[in-house]
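Report on one structure; see the data block that follows.
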Amino acid sequence: MRAPIATAIAIAVGLIVLLGYFIPLPILQNIREILLGWAVTLAGVAALVGIINLIITHWRRVSATKNRDLYSALLILSFLLTVAAGVALGPSNAQFQHVVTSIQVPIEGSLMAVLAISLAYASLRLFQKRKGLVAIVFVISALLFLLVTSGLLAAGSSNPILAGVLTAINQLPVAGARGILLGIALGGLATGLRILMGADRPFSG
Amino acid sequence: MISVSGVGFNTIAGLLVVLIGAGAIFLIAVFDRKQSPRPLRPIASFQSLRRAIGLAVEDGKRLHVSIGNANILSPNSASALVGLSTLNRIAQLSMISDRPPIASSGEGSLAILSQDTLRDAYRSGNALEQYDPMRARLAGTTPMAYIAGAIPIIHDESVAGNLLVGSYGSEVALLTDAIDQQNAFSLAASDSLTAQAALYATANETLIGEELFAIPAYLQAGPFYTASLHAQDILRWIVIAVILGGSALKLLGIL
């Protein structure tokens, strides 16, 4: 086994955190809290390292001899301005937050608008990509739930038969989602167990 | 809630599921090492993925592995861990390619882990000189920023195949739309229900639900990956039995 010390530490820490979750022993839970605190701090440092990586990537694109990307220069300039303003005014400063959100919210809003168009176009072209019963069921379900959630059938909800049908239709996605989420939970458990057993290592050590 | 010496029923049940899962993975992996491994059911998406990997290597083009933007400390980090295992295997499979794979992520710790994963893959293949940390990038730190940062990779880096394996929202459809515009292949899997619905409509191949966790096993990453798939099946049958049994007991008025 490569990197046995790193693997042993990872397994030991994983087991302590897992046992601390299940067994209400104060010492185990205290150690678990400390380890999770360290993980949060390390994740913060990792975010900083990731941002440095992002800036280096864009700097390479700006300084490339071929296909120089000016948008990367804009990104670096915006990043430096935001950092300078954040350090000078403080990240919780109302004016600073106002400027940042006034730029970020409209941009993300316009991307959401593009997303709506993209999804509508993709649904129109769905049968080019997918053939078979599942695609037909997918389209019928999408149309049905658009109709149900549009409120067009709300007027008929006083009718006991229609109200019962609407309730049954609304329960369908809940049942389906629970089935998928149970499968995902079991997959997540198996992934975690592989790491605890040292069979899967997302680190090289 | 039923309590046994201060420990809740839910805790005992949870611990039991963990122990059964660990025992099943270990036993199946050991058993499969002695005998020939159990076959996996064929999934068409994985055949397309294998074809796409082969074509990318032949054409001298790149594969892009997107690991999503799950926080490593959050419950949905399991999908990102699968993304990292997938990246490792893709790097190994495409080591002979002129253009090594590129990875993008939307979270700092994932970016570091993806760099480490690529380094590990090249070191295992005795090709550490091919490793470039800039091929595992943080594309953006919010879901939308990540998508905006990942789209140029698809446009500018001669990408022929894309694997989107991780946690996303519906905004991932913008990424698959960009892939479509480049006439590139996409296989997508996510733990998010909204992303799965968006990907079903937009990606070339979509994996639904727990099929996400099968990717490394289908890429022949190792016996433990296959064993964990079979262990998942055992656990699934136990959950089904418990749900049906519980429903029957409730119907009979015992619970």
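Residues are named by chain letter and number: chains run A, B, ... in the order of the structure tokens, numbers start at 1 in each chain, and ligands are numbered from 1 in the order shown.
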
* **chain A residues near chain B (7 Å cut-off, only C-alpha atoms) as a ChimeraX atom specification** => /A:22,43,46-51,53-54,57,108,115,118-119,122-123,126,129,180,183-184,186-188,190-191,193,199,202-204

* Residue contacts of Ala10 (chain A) (10 Å, only C-alpha atoms) excluding same-chain residues fewer than 5 positions away, as an MDAnalysis selection string -> chainID A and resid 4:5 15 195:198 201 203 205

Residues from the last selection, N, CA and C atoms, saved as a short mmCIF file (atom, residue, chain, number, x, y, z; two decimals), in the first residue's frame:
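New file again26.cif:
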data_model
loop_
_atom_site.label_atom_id
_atom_site.label_comp_id
_atom_site.auth_asym_id
_atom_site.auth_seq_id
_atom_site.Cartn_x
_atom_site.Cartn_y
_atom_site.Cartn_z
N PRO A 4 1.12 4.64 3.58
CA PRO A 4 0.37 3.98 4.66
C PRO A 4 0.03 4.91 5.83
N ILE A 5 0.93 5.88 6.10
CA ILE A 5 0.68 6.77 7.26
C ILE A 5 -0.54 7.67 6.98
N LEU A 15 -13.10 7.07 11.26
CA LEU A 15 -13.77 6.19 12.24
C LEU A 15 -14.19 6.96 13.49
N ILE A 195 -13.82 4.58 1.48
CA ILE A 195 -12.75 5.46 1.94
C ILE A 195 -12.31 5.04 3.35
N LEU A 196 -13.29 4.68 4.20
CA LEU A 196 -12.96 4.23 5.56
C LEU A 196 -12.14 2.94 5.55
N MET A 197 -12.34 2.12 4.52
CA MET A 197 -11.59 0.86 4.42
C MET A 197 -10.25 1.07 3.72
N GLY A 198 -10.00 2.28 3.26
CA GLY A 198 -8.73 2.57 2.58
C GLY A 198 -8.68 2.07 1.16
N ARG A 201 -9.05 6.24 -2.22
CA ARG A 201 -8.35 7.34 -1.54
C ARG A 201 -8.38 8.58 -2.43
N PHE A 203 -6.89 11.11 -2.01
CA PHE A 203 -5.66 11.83 -1.73
C PHE A 203 -4.52 10.88 -2.09
N GLY A 205 -1.32 11.10 -0.76
CA GLY A 205 -0.48 10.86 0.40
C GLY A 205 0.98 11.17 0.16
#

* To do: Record the distance separating CA of Ile67 (chain B) and CA of Gly166 (chain B), expressed in Å with one decimal.
  => 4.9 Å

* To do: Name the residues in contact with region 164-172 of chain A at a cut-off of 12 Å, using only C-alpha atoms, excluding same-chain residues fewer than 6 positions from it; report them as a ChimeraX atom specification.
  => /A:141,144-149,151-158,178-179

* Pick out each residue of region 54-232 of chain B that DSSP on the backbone tags as helix (DSSP H, G or I); I need them as a VMD selection string. => chain B and resid 54 to 59 77 to 93 108 to 124 128 to 130 133 to 135 143 to 156 172 to 181 193 to 202 209 to 218 223 to 232

* Excluding same-chain residues fewer than 2 positions from Ile96 (chain B), what lies within 12 Å of it counting only C-alpha atoms, as a PyMOL selection string? -> chain B and resi 53-54+56-62+90-94+98-101+122+125-127+130

* Members of region 15-250 of chain B assigned strand (DSSP E or B) by DSSP, as a PyMOL selection string -> chain B and resi 62-68+102-105+136-138+159-167+185-190+205-207
